Every structure is written in structure tokens, then in C-alpha cells.
Amino acid sequence: MKHLFLSLGIAALLMPNMVKAKDVTIVVTNSERTQRQEIVEVKVQDVYNSLGIDKNKTFVVKNAMGQEVDYQITYDGLLLIDASVRPCGEAIYTVSLGTPQKPKVFVTGRQYPERVDDIAWENDRTAYRLYGPALQRSGEKAYGIDVWVKNTPDLEVEKRYEVELSNHQRITDLKKAGKDAEARQVEIETTYHFDHGYGLDCYKVGPSLGCGAPALMENGRLVMPYSYKDYKILDNGPLRFTVELTYNPSMVQGDRNVVEHRILSLDKGSNFNKMTVWYEGLSRPCDFATGVVIHEEDTQSIACGRDYVAYADPTDNPAAQNFQIYVAALFPNGVNETKALMNDKPANGIAGHAVGIRRGYQNGERYTYYFGSAWSKGDVRTMDEWVLRINNFLDALHSPLAAEVK
């Protein structure tokens, strides 16, 4: 009898833990009449609570077929899943205690001090970079966000930098030896400014916003940001990259210490980055703008919608490249005006910008918009397709997939 009571006592002690450790489900619902494939978010604490575990325990996520799927826990406490949901349907994911498989990385980025402090990041569709303190010290003026096109889902940026930078000295030595033809051939074979079958860097930034950098306005003109001062990578894949940046103080409307802050992120499968920007040091309201550079080689391929601006960029060598880079800035939270803001006289090949303008920006206000790109040799072949993708993305933002832990 003593052993029986002992066994029952142990069972009673274990039972709550057994109950708490039962599987939970995440239900993703699509209310729209269109197929959806997107990264969805739930609070990871809700998953921990439902499983009855703390954050030091691990879990696995499986789809309705019983296959384990990759997930990510973000710096701000979100669980990310790449969900596929049929029109007006729902997808069920099961979460249980366990050790997850090593995920495949679809999104990543880092600082490249070996290349004047670039911060470069990419997903399975395209790549981007912005410029850092070392470039600013050199005197080169490159204010905006750069685009590196690609037509492969594989991660390419690390390899492109490695091949490019490791051959600089070889090319220099060949030129010093008078072997210009050989030097040129090595350059053609190794530079990321040529397409080796996977994409290239052929987007011109210079003293412009490039693709989607923010800027305050003064007397109707953009006050260009320079290179970032400090950065912190908050998320680094496998499904989302997030970086926080602080910029050196600048003078706007007589305020001498206006500091710009950015948090930007890019998800797997998306053509568009999310950007949240805010300023400190403004003593009065100021107009705010963001958009994409317009190059003088093509000042016609511009589309300005109510909540987006888009452009078919001709590349840095239109006649030789014979393709286009599609770029855009999207404003799901609204702007007062979208327009082509043209320069009085083109300089450095820059004819102007296609921008969305938000009037009366207040000091400290956080404003969120999106920017992104595609390539005519990649997943978007024409400007019409690009505008369709922009509108579909905006529709999805206004009617997001609903994800709930049950």
C-alpha cells in the first residue's frame, strides 16, 4: 500500500508537467480570395505559455503534412513562420517540445569593414547595401541605398565580396607590369559589376536617395543623409534580417543637431524592405520624404500612385546591359503627395527623385514605409508586372494573414 501511494504521489506531481507539455497549434487564416505566401508573426511568449515552458526550452514546428518547418525568434519577441495559405483558407501548424533541425538560411547580412564599412544584406530575391563611416571619411558621396540584383535564391553577397576584393591586388600588379589586357580579363571574370550568371551590382547611387533612403526637406529640397555612424544587427536570419542605424547629426531648418534613426528589416520571399525612421532634435515640424533616384538616361519610366512611387531604372550602362532594375517606395500609412521631384539641372547623372512627401513631420514621430526592387532578368520581367506586385503587396499589408496560438 505504501508503494501504491508513493507511485500515485509521483504521478500527481508529474501530471501537471505532462499536461503543460502537450502540443499547441498555430492557426493562420487567409480572409482574401487569393493565394498567400508570407512570413507570419505570433508572440513567442504565447507559445511558451501554451507549452508550459520557459524560453530556455526548445520546440519544433510542423506543418499539416507532419514536416518540420524552419522558424525564427526575433529580437522583439516574435515567432516567425513562412506560411502558405490557400484563398479563404487556413493553415495549421503544430508546435511541440523538441530540438529543431538546423534551418536553411534565406536572409542574412553583416558589416563589411574590408569594403569601407558597407552594411550589405540579402534574401532569396535580391540584395542591398548602405554605406558607412569609412566611405564618408574617403570623401566619396554615396548617400542612398544600393541594389544588387540577382536571379537565384542562393545567398550571393558574401561570395561576391570575397571574389571581388581578393582579386584587387592581382589586377593592380598586372597593370603595373603593363599587362593591361590580362588585368582587364581578370576584372571581367571576377568583378561583381559583371553578371556571371547570378546577378550583379549595376545600380547607381551617388549623392542621391538611391532605392528608398529617407530624408527631411527644407525649402522644397531633400536634405540628404550621409553614411551611418553606429549600427546594431538585431536579427540575422534565417527568415528575417533587422538592423538599427544611427546617423551623424545634421542641420535642418536651423537645428544643428538633428539625429536620424532607422530600423530596417527584410523577410524571406519579399521584394520589399520595411523601414521605420524617426528624428530627434527638430524644434518645429518639418516635411519628410522618401523615394527612388531618377537617372538622366531615362526620365519617363516613372509611376506615381496614391501610395507608392516606382521607377524602371536603366542601370549604369543602359546600352550595354539592355535590362532594367525595378525600384519603388511604398506608403501604406499614407503620404500627402507623390511626385517626380526633378532637379533644375542634372548632376552626377541624377535627374531627380520620385518621392512620397509627408508634410508636418513631428520630432520623434516614427514613420514606417517600405522600399524594394526587382530585376527584369529575375522574377519581374516588366514595369507592368512591377506595379502589379506593388499593389498586391500593399493589399496584403492592409489585409494581413491572421495568426493565432491555440
# chains A, B, ... in the order shown; residues from 1 in each chain; ligands from 1
>>> select_by_dssp(residues="range 197-398 of chain A", states="strand (DSSP E)", output="PyMOL selection string")
chain A and resi 199-200+211-218+221-223+228-236+240-247+250-252+255-267+272-280+286-295+302-304+308-313+325-330+337-347+350-361+367-375
>>> closest_residue(among="A:Val243, A:Leu97, A:Val42, A:Val259", to="Val61 in chain A", atoms="only C-alpha atoms")
A:Leu97
>>> atom_distance(atom1="CA of Gly199 in chain A", atom2="CA of Trp148 in chain A")
7.4 Å
>>> residues_around(residues="range 28-41 of chain A", least_positions_apart="3", cutoff="10 Å", atoms="only C-alpha atoms", output="compact mmCIF listing (two decimals) with all heavy atoms, in the first residue's frame")
# COMPACT_ATOMS: atom_id res chain seq x y z
N THR A 25 -1.21 24.48 -31.25
CA THR A 25 -1.32 24.76 -32.68
C THR A 25 -1.28 26.25 -32.95
O THR A 25 -1.67 27.06 -32.11
CB THR A 25 -2.63 24.19 -33.26
OG1 THR A 25 -3.74 24.75 -32.55
CG2 THR A 25 -2.66 22.67 -33.15
N VAL A 44 6.04 34.97 -29.30
CA VAL A 44 6.63 33.70 -28.88
C VAL A 44 6.30 33.39 -27.43
O VAL A 44 6.22 32.22 -27.03
CB VAL A 44 8.16 33.72 -29.12
CG1 VAL A 44 8.87 34.64 -28.13
CG2 VAL A 44 8.73 32.31 -29.04
N TYR A 71 11.76 28.12 -38.44
CA TYR A 71 11.16 29.30 -37.83
C TYR A 71 12.27 30.19 -37.29
O TYR A 71 13.44 29.82 -37.28
CB TYR A 71 10.17 28.92 -36.72
CG TYR A 71 10.77 28.23 -35.51
CD1 TYR A 71 11.33 28.96 -34.46
CD2 TYR A 71 10.76 26.84 -35.40
CE1 TYR A 71 11.87 28.34 -33.36
CE2 TYR A 71 11.30 26.20 -34.28
CZ TYR A 71 11.85 26.95 -33.27
OH TYR A 71 12.39 26.34 -32.17
N GLN A 72 11.89 31.37 -36.82
CA GLN A 72 12.84 32.31 -36.24
C GLN A 72 12.19 33.04 -35.09
O GLN A 72 11.00 33.39 -35.18
CB GLN A 72 13.33 33.31 -37.29
CG GLN A 72 14.32 34.35 -36.76
CD GLN A 72 14.80 35.31 -37.84
OE1 GLN A 72 14.72 35.01 -39.03
NE2 GLN A 72 15.29 36.48 -37.43
N ILE A 73 12.95 33.27 -34.03
CA ILE A 73 12.51 34.11 -32.92
C ILE A 73 13.26 35.43 -33.02
O ILE A 73 14.49 35.45 -33.03
CB ILE A 73 12.75 33.43 -31.57
CG1 ILE A 73 11.97 32.12 -31.48
CG2 ILE A 73 12.36 34.36 -30.42
CD1 ILE A 73 12.28 31.29 -30.25
N THR A 74 12.54 36.53 -33.10
CA THR A 74 13.15 37.83 -33.36
C THR A 74 13.56 38.52 -32.07
O THR A 74 13.16 38.14 -30.97
CB THR A 74 12.19 38.73 -34.13
OG1 THR A 74 11.06 39.05 -33.28
CG2 THR A 74 11.70 38.06 -35.40
N GLY A 77 10.71 39.52 -29.73
CA GLY A 77 9.83 38.52 -29.14
C GLY A 77 8.77 37.95 -30.05
O GLY A 77 7.71 37.52 -29.58
N LEU A 78 9.03 37.89 -31.35
CA LEU A 78 8.07 37.33 -32.29
C LEU A 78 8.58 35.99 -32.82
O LEU A 78 9.77 35.81 -33.04
CB LEU A 78 7.84 38.28 -33.46
CG LEU A 78 7.29 39.67 -33.11
CD1 LEU A 78 7.23 40.54 -34.36
CD2 LEU A 78 5.90 39.55 -32.47
N LEU A 79 7.65 35.07 -33.01
CA LEU A 79 7.94 33.81 -33.69
C LEU A 79 7.52 33.97 -35.14
O LEU A 79 6.36 34.30 -35.42
CB LEU A 79 7.18 32.66 -33.03
CG LEU A 79 7.21 31.32 -33.78
CD1 LEU A 79 8.62 30.75 -33.81
CD2 LEU A 79 6.24 30.32 -33.14
N LEU A 80 8.45 33.74 -36.06
CA LEU A 80 8.17 33.87 -37.49
C LEU A 80 8.05 32.49 -38.13
O LEU A 80 8.87 31.60 -37.86
CB LEU A 80 9.31 34.63 -38.19
CG LEU A 80 9.74 35.97 -37.61
CD1 LEU A 80 10.85 36.56 -38.48
CD2 LEU A 80 8.57 36.93 -37.50
N ILE A 81 7.04 32.35 -38.99
CA ILE A 81 6.86 31.13 -39.79
C ILE A 81 6.55 31.57 -41.21
O ILE A 81 5.78 32.51 -41.43
CB ILE A 81 5.70 30.27 -39.26
CG1 ILE A 81 5.94 29.85 -37.81
CG2 ILE A 81 5.49 29.03 -40.13
CD1 ILE A 81 4.76 29.15 -37.17
N ASP A 82 7.13 30.89 -42.17
CA ASP A 82 6.83 31.15 -43.58
C ASP A 82 5.59 30.34 -43.94
O ASP A 82 5.65 29.12 -44.14
CB ASP A 82 8.01 30.74 -44.45
CG ASP A 82 7.81 31.11 -45.91
OD1 ASP A 82 6.90 31.91 -46.20
OD2 ASP A 82 8.55 30.59 -46.76
N ALA A 83 4.43 31.01 -44.02
CA ALA A 83 3.15 30.33 -44.16
C ALA A 83 2.62 30.40 -45.58
O ALA A 83 2.70 31.44 -46.25
CB ALA A 83 2.12 30.94 -43.21
N SER A 84 2.07 29.30 -46.03
CA SER A 84 1.36 29.23 -47.31
C SER A 84 -0.10 28.92 -47.01
O SER A 84 -0.40 27.93 -46.34
CB SER A 84 1.96 28.14 -48.19
OG SER A 84 1.28 28.04 -49.42
N VAL A 85 -1.02 29.78 -47.50
CA VAL A 85 -2.44 29.62 -47.17
C VAL A 85 -3.26 29.82 -48.45
O VAL A 85 -3.12 30.84 -49.14
CB VAL A 85 -2.89 30.63 -46.10
CG1 VAL A 85 -4.25 30.21 -45.54
CG2 VAL A 85 -1.87 30.76 -44.99
N ARG A 86 -4.14 28.87 -48.72
CA ARG A 86 -4.95 28.96 -49.93
C ARG A 86 -6.02 30.04 -49.76
O ARG A 86 -6.29 30.50 -48.65
CB ARG A 86 -5.62 27.61 -50.21
CG ARG A 86 -6.68 27.19 -49.20
CD ARG A 86 -7.18 25.78 -49.49
NE ARG A 86 -8.27 25.40 -48.59
CZ ARG A 86 -8.13 24.97 -47.36
NH1 ARG A 86 -6.90 24.83 -46.86
NH2 ARG A 86 -9.16 24.64 -46.62
N PRO A 87 -6.67 30.46 -50.87
CA PRO A 87 -7.69 31.51 -50.78
C PRO A 87 -8.82 31.14 -49.81
O PRO A 87 -9.35 30.03 -49.84
CB PRO A 87 -8.21 31.60 -52.22
CG PRO A 87 -7.07 31.13 -53.07
CD PRO A 87 -6.40 30.06 -52.26
N CYS A 88 -9.14 32.07 -48.94
CA CYS A 88 -10.21 31.90 -47.94
C CYS A 88 -10.02 30.61 -47.14
O CYS A 88 -10.99 29.95 -46.74
CB CYS A 88 -11.58 31.91 -48.61
SG CYS A 88 -11.97 33.45 -49.45
N GLY A 89 -8.78 30.26 -46.89
CA GLY A 89 -8.49 29.03 -46.17
C GLY A 89 -7.69 29.28 -44.91
O GLY A 89 -7.48 30.42 -44.49
N GLU A 90 -7.24 28.20 -44.30
CA GLU A 90 -6.40 28.30 -43.12
C GLU A 90 -5.32 27.23 -43.16
O GLU A 90 -5.49 26.18 -43.79
CB GLU A 90 -7.22 28.19 -41.83
CG GLU A 90 -7.89 26.87 -41.60
CD GLU A 90 -8.65 26.82 -40.28
OE1 GLU A 90 -9.03 27.89 -39.77
OE2 GLU A 90 -8.85 25.71 -39.76
N ALA A 91 -4.21 27.51 -42.53
CA ALA A 91 -3.10 26.57 -42.42
C ALA A 91 -2.84 26.31 -40.95
O ALA A 91 -2.85 27.23 -40.13
CB ALA A 91 -1.85 27.14 -43.08
N ILE A 92 -2.64 25.03 -40.61
CA ILE A 92 -2.44 24.61 -39.22
C ILE A 92 -0.99 24.18 -39.03
O ILE A 92 -0.47 23.34 -39.78
CB ILE A 92 -3.37 23.44 -38.85
CG1 ILE A 92 -4.83 23.76 -39.21
CG2 ILE A 92 -3.22 23.10 -37.37
CD1 ILE A 92 -5.43 24.88 -38.41
N TYR A 93 -0.36 24.75 -38.02
CA TYR A 93 1.00 24.37 -37.66
C TYR A 93 0.99 23.86 -36.22
O TYR A 93 0.32 24.42 -35.35
CB TYR A 93 1.95 25.55 -37.79
CG TYR A 93 2.09 26.02 -39.22
CD1 TYR A 93 1.21 26.95 -39.75
CD2 TYR A 93 3.08 25.49 -40.04
CE1 TYR A 93 1.32 27.37 -41.08
CE2 TYR A 93 3.20 25.91 -41.36
CZ TYR A 93 2.32 26.83 -41.87
OH TYR A 93 2.43 27.24 -43.18
N LEU A 239 14.96 33.79 -41.44
CA LEU A 239 13.80 34.30 -42.17
C LEU A 239 13.72 35.82 -42.20
O LEU A 239 12.98 36.37 -43.03
CB LEU A 239 12.50 33.76 -41.54
CG LEU A 239 12.36 32.24 -41.48
CD1 LEU A 239 11.04 31.86 -40.81
CD2 LEU A 239 12.45 31.61 -42.86
N ARG A 240 14.43 36.51 -41.33
CA ARG A 240 14.36 37.97 -41.28
C ARG A 240 15.72 38.55 -40.89
O ARG A 240 16.39 38.02 -39.99
CB ARG A 240 13.29 38.44 -40.30
CG ARG A 240 13.24 39.96 -40.09
CD ARG A 240 12.08 40.37 -39.20
NE ARG A 240 10.81 40.11 -39.86
CZ ARG A 240 9.61 40.21 -39.27
NH1 ARG A 240 9.54 40.57 -37.99
NH2 ARG A 240 8.51 39.96 -39.95
N ASP A 267 12.44 40.31 -45.13
CA ASP A 267 11.98 38.95 -44.89
C ASP A 267 12.25 38.04 -46.09
O ASP A 267 12.37 38.51 -47.23
CB ASP A 267 10.48 38.92 -44.61
CG ASP A 267 10.12 39.44 -43.24
OD1 ASP A 267 11.06 39.73 -42.46
OD2 ASP A 267 8.92 39.57 -42.95
N LYS A 268 12.29 36.77 -45.82
CA LYS A 268 12.35 35.77 -46.88
C LYS A 268 11.19 35.99 -47.85
O LYS A 268 10.06 36.26 -47.45
CB LYS A 268 12.26 34.37 -46.28
CG LYS A 268 12.16 33.27 -47.34
CD LYS A 268 11.74 31.94 -46.75
CE LYS A 268 11.52 30.92 -47.87
NZ LYS A 268 10.95 29.64 -47.36
N GLY A 269 11.47 35.85 -49.14
CA GLY A 269 10.42 35.86 -50.15
C GLY A 269 9.87 37.21 -50.52
O GLY A 269 8.98 37.29 -51.38
N SER A 270 10.36 38.28 -49.93
CA SER A 270 9.78 39.60 -50.16
C SER A 270 10.68 40.45 -51.05
O SER A 270 11.90 40.45 -50.91
CB SER A 270 9.55 40.33 -48.84
OG SER A 270 8.98 41.60 -49.08
N ASN A 392 -0.29 44.38 -55.10
CA ASN A 392 -0.60 43.16 -54.35
C ASN A 392 0.02 43.20 -52.96
O ASN A 392 -0.59 42.77 -51.97
CB ASN A 392 -0.09 41.93 -55.10
CG ASN A 392 -0.94 41.59 -56.31
OD1 ASN A 392 -2.10 42.01 -56.40
ND2 ASN A 392 -0.39 40.82 -57.24
N ASP A 395 -2.00 45.59 -50.81
CA ASP A 395 -3.26 44.94 -50.43
C ASP A 395 -3.03 43.97 -49.28
O ASP A 395 -3.84 43.89 -48.33
CB ASP A 395 -3.86 44.21 -51.62
CG ASP A 395 -4.44 45.15 -52.67
OD1 ASP A 395 -4.64 46.34 -52.36
OD2 ASP A 395 -4.67 44.68 -53.81
N ALA A 396 -1.93 43.22 -49.34
CA ALA A 396 -1.62 42.24 -48.30
C ALA A 396 -1.33 42.95 -46.97
O ALA A 396 -1.70 42.45 -45.89
CB ALA A 396 -0.43 41.37 -48.72
N SER A 399 -4.57 43.89 -45.43
CA SER A 399 -5.39 42.74 -45.04
C SER A 399 -4.45 41.57 -44.70
O SER A 399 -4.36 40.59 -45.44
CB SER A 399 -6.34 42.34 -46.18
OG SER A 399 -7.18 41.27 -45.77
N PRO A 400 -3.75 41.66 -43.58
CA PRO A 400 -2.72 40.66 -43.26
C PRO A 400 -3.32 39.30 -42.91
O PRO A 400 -4.47 39.20 -42.49
CB PRO A 400 -2.01 41.28 -42.06
CG PRO A 400 -3.03 42.15 -41.42
CD PRO A 400 -3.85 42.71 -42.55
N LEU A 401 -2.53 38.27 -43.10
CA LEU A 401 -2.91 36.96 -42.59
C LEU A 401 -3.04 37.01 -41.07
O LEU A 401 -2.24 37.66 -40.40
CB LEU A 401 -1.84 35.90 -42.99
CG LEU A 401 -1.65 35.62 -44.47
CD1 LEU A 401 -0.47 34.68 -44.68
CD2 LEU A 401 -2.92 35.02 -45.08
N ALA A 402 -4.05 36.34 -40.56
CA ALA A 402 -4.26 36.31 -39.11
C ALA A 402 -3.66 35.03 -38.54
O ALA A 402 -3.99 33.93 -38.99
CB ALA A 402 -5.75 36.37 -38.81
N ALA A 403 -2.77 35.16 -37.57
CA ALA A 403 -2.13 34.01 -36.95
C ALA A 403 -2.47 34.00 -35.46
O ALA A 403 -2.35 35.02 -34.76
CB ALA A 403 -0.62 34.07 -37.14
N GLU A 404 -2.91 32.83 -34.97
CA GLU A 404 -3.35 32.73 -33.57
C GLU A 404 -2.83 31.43 -32.95
O GLU A 404 -2.87 30.37 -33.58
CB GLU A 404 -4.89 32.74 -33.52
CG GLU A 404 -5.46 32.72 -32.11
CD GLU A 404 -6.97 32.73 -32.09
OE1 GLU A 404 -7.58 32.70 -33.19
OE2 GLU A 404 -7.54 32.76 -30.98
N VAL A 405 -2.34 31.55 -31.74
CA VAL A 405 -1.88 30.39 -30.97
C VAL A 405 -3.07 29.80 -30.23
O VAL A 405 -3.77 30.51 -29.50
CB VAL A 405 -0.77 30.77 -29.98
CG1 VAL A 405 -0.34 29.55 -29.16
CG2 VAL A 405 0.42 31.38 -30.71
>>> closest_residue(among="A:Arg184, A:His196, A:Lys141, A:Lys55", to="Val163 in chain A", atoms="only C-alpha atoms")
A:His196
>>> residues_around(residues="Ala183 in chain A", least_positions_apart="5", cutoff="12 Å", atoms="only C-alpha atoms", output="VMD selection string")
chain A and resid 167 to 178 188 to 191
>>> residues_around(residues="range 56-58 of chain A", least_positions_apart="2", cutoff="7 Å", atoms="only C-alpha atoms", output="list in words")
Ile53, Asp54, Leu97, Gly98 and Thr99 of chain A
>>> write_last_selection(atoms="all heavy atoms", output="mmCIF file, in the first residue's frame")
data_model
loop_
_atom_site.group_PDB
_atom_site.id
_atom_site.type_symbol
_atom_site.label_atom_id
_atom_site.label_comp_id
_atom_site.auth_asym_id
_atom_site.auth_seq_id
_atom_site.Cartn_x
_atom_site.Cartn_y
_atom_site.Cartn_z
ATOM 1 N N ILE A 53 6.409 26.105 -20.886
ATOM 2 C CA ILE A 53 7.863 26.064 -20.789
ATOM 3 C C ILE A 53 8.396 27.491 -20.697
ATOM 4 O O ILE A 53 7.676 28.461 -20.951
ATOM 5 C CB ILE A 53 8.499 25.359 -22.007
ATOM 6 C CG1 ILE A 53 8.155 26.122 -23.301
ATOM 7 C CG2 ILE A 53 8.031 23.916 -22.089
ATOM 8 C CD1 ILE A 53 8.859 25.580 -24.532
ATOM 9 N N ASP A 54 9.680 27.609 -20.342
ATOM 10 C CA ASP A 54 10.315 28.929 -20.371
ATOM 11 C C ASP A 54 11.134 29.043 -21.639
ATOM 12 O O ASP A 54 11.252 28.094 -22.430
ATOM 13 C CB ASP A 54 11.168 29.161 -19.127
ATOM 14 C CG ASP A 54 12.274 28.130 -18.964
ATOM 15 O OD1 ASP A 54 12.868 27.724 -19.987
ATOM 16 O OD2 ASP A 54 12.560 27.735 -17.820
ATOM 17 N N LEU A 97 7.435 20.257 -27.938
ATOM 18 C CA LEU A 97 8.776 20.264 -27.363
ATOM 19 C C LEU A 97 9.718 19.439 -28.217
ATOM 20 O O LEU A 97 9.343 18.408 -28.770
ATOM 21 C CB LEU A 97 8.746 19.705 -25.944
ATOM 22 C CG LEU A 97 8.096 20.575 -24.861
ATOM 23 C CD1 LEU A 97 8.049 19.813 -23.555
ATOM 24 C CD2 LEU A 97 8.868 21.872 -24.686
ATOM 25 N N GLY A 98 10.959 19.893 -28.332
ATOM 26 C CA GLY A 98 11.937 19.155 -29.107
ATOM 27 C C GLY A 98 13.067 20.051 -29.566
ATOM 28 O O GLY A 98 13.064 21.262 -29.346
ATOM 29 N N THR A 99 14.035 19.441 -30.203
ATOM 30 C CA THR A 99 15.181 20.167 -30.736
ATOM 31 C C THR A 99 14.971 20.387 -32.225
ATOM 32 O O THR A 99 14.865 19.419 -32.985
ATOM 33 C CB THR A 99 16.483 19.380 -30.503
ATOM 34 O OG1 THR A 99 16.641 19.141 -29.096
ATOM 35 C CG2 THR A 99 17.677 20.159 -31.023
#
>>> closest_atom_pairs(of="range 300-391 of chain A", to="range 112-130 of chain A", cutoff="9 Å", atoms="only C-alpha atoms", output="JSON lines")
{"residue": "A:Gly372", "atom": "CA", "partner": "A:Thr126", "partner_atom": "CA", "distance": 8.9}
{"residue": "A:Ser373", "atom": "CA", "partner": "A:Thr126", "partner_atom": "CA", "distance": 7.4}
{"residue": "A:Ala374", "atom": "CA", "partner": "A:Thr126", "partner_atom": "CA", "distance": 7.1}
{"residue": "A:Trp375", "atom": "CA", "partner": "A:Thr126", "partner_atom": "CA", "distance": 8.5}
{"residue": "A:Gly378", "atom": "CA", "partner": "A:Arg125", "partner_atom": "CA", "distance": 8.3}
{"residue": "A:Asp379", "atom": "CA", "partner": "A:Arg125", "partner_atom": "CA", "distance": 7.8}
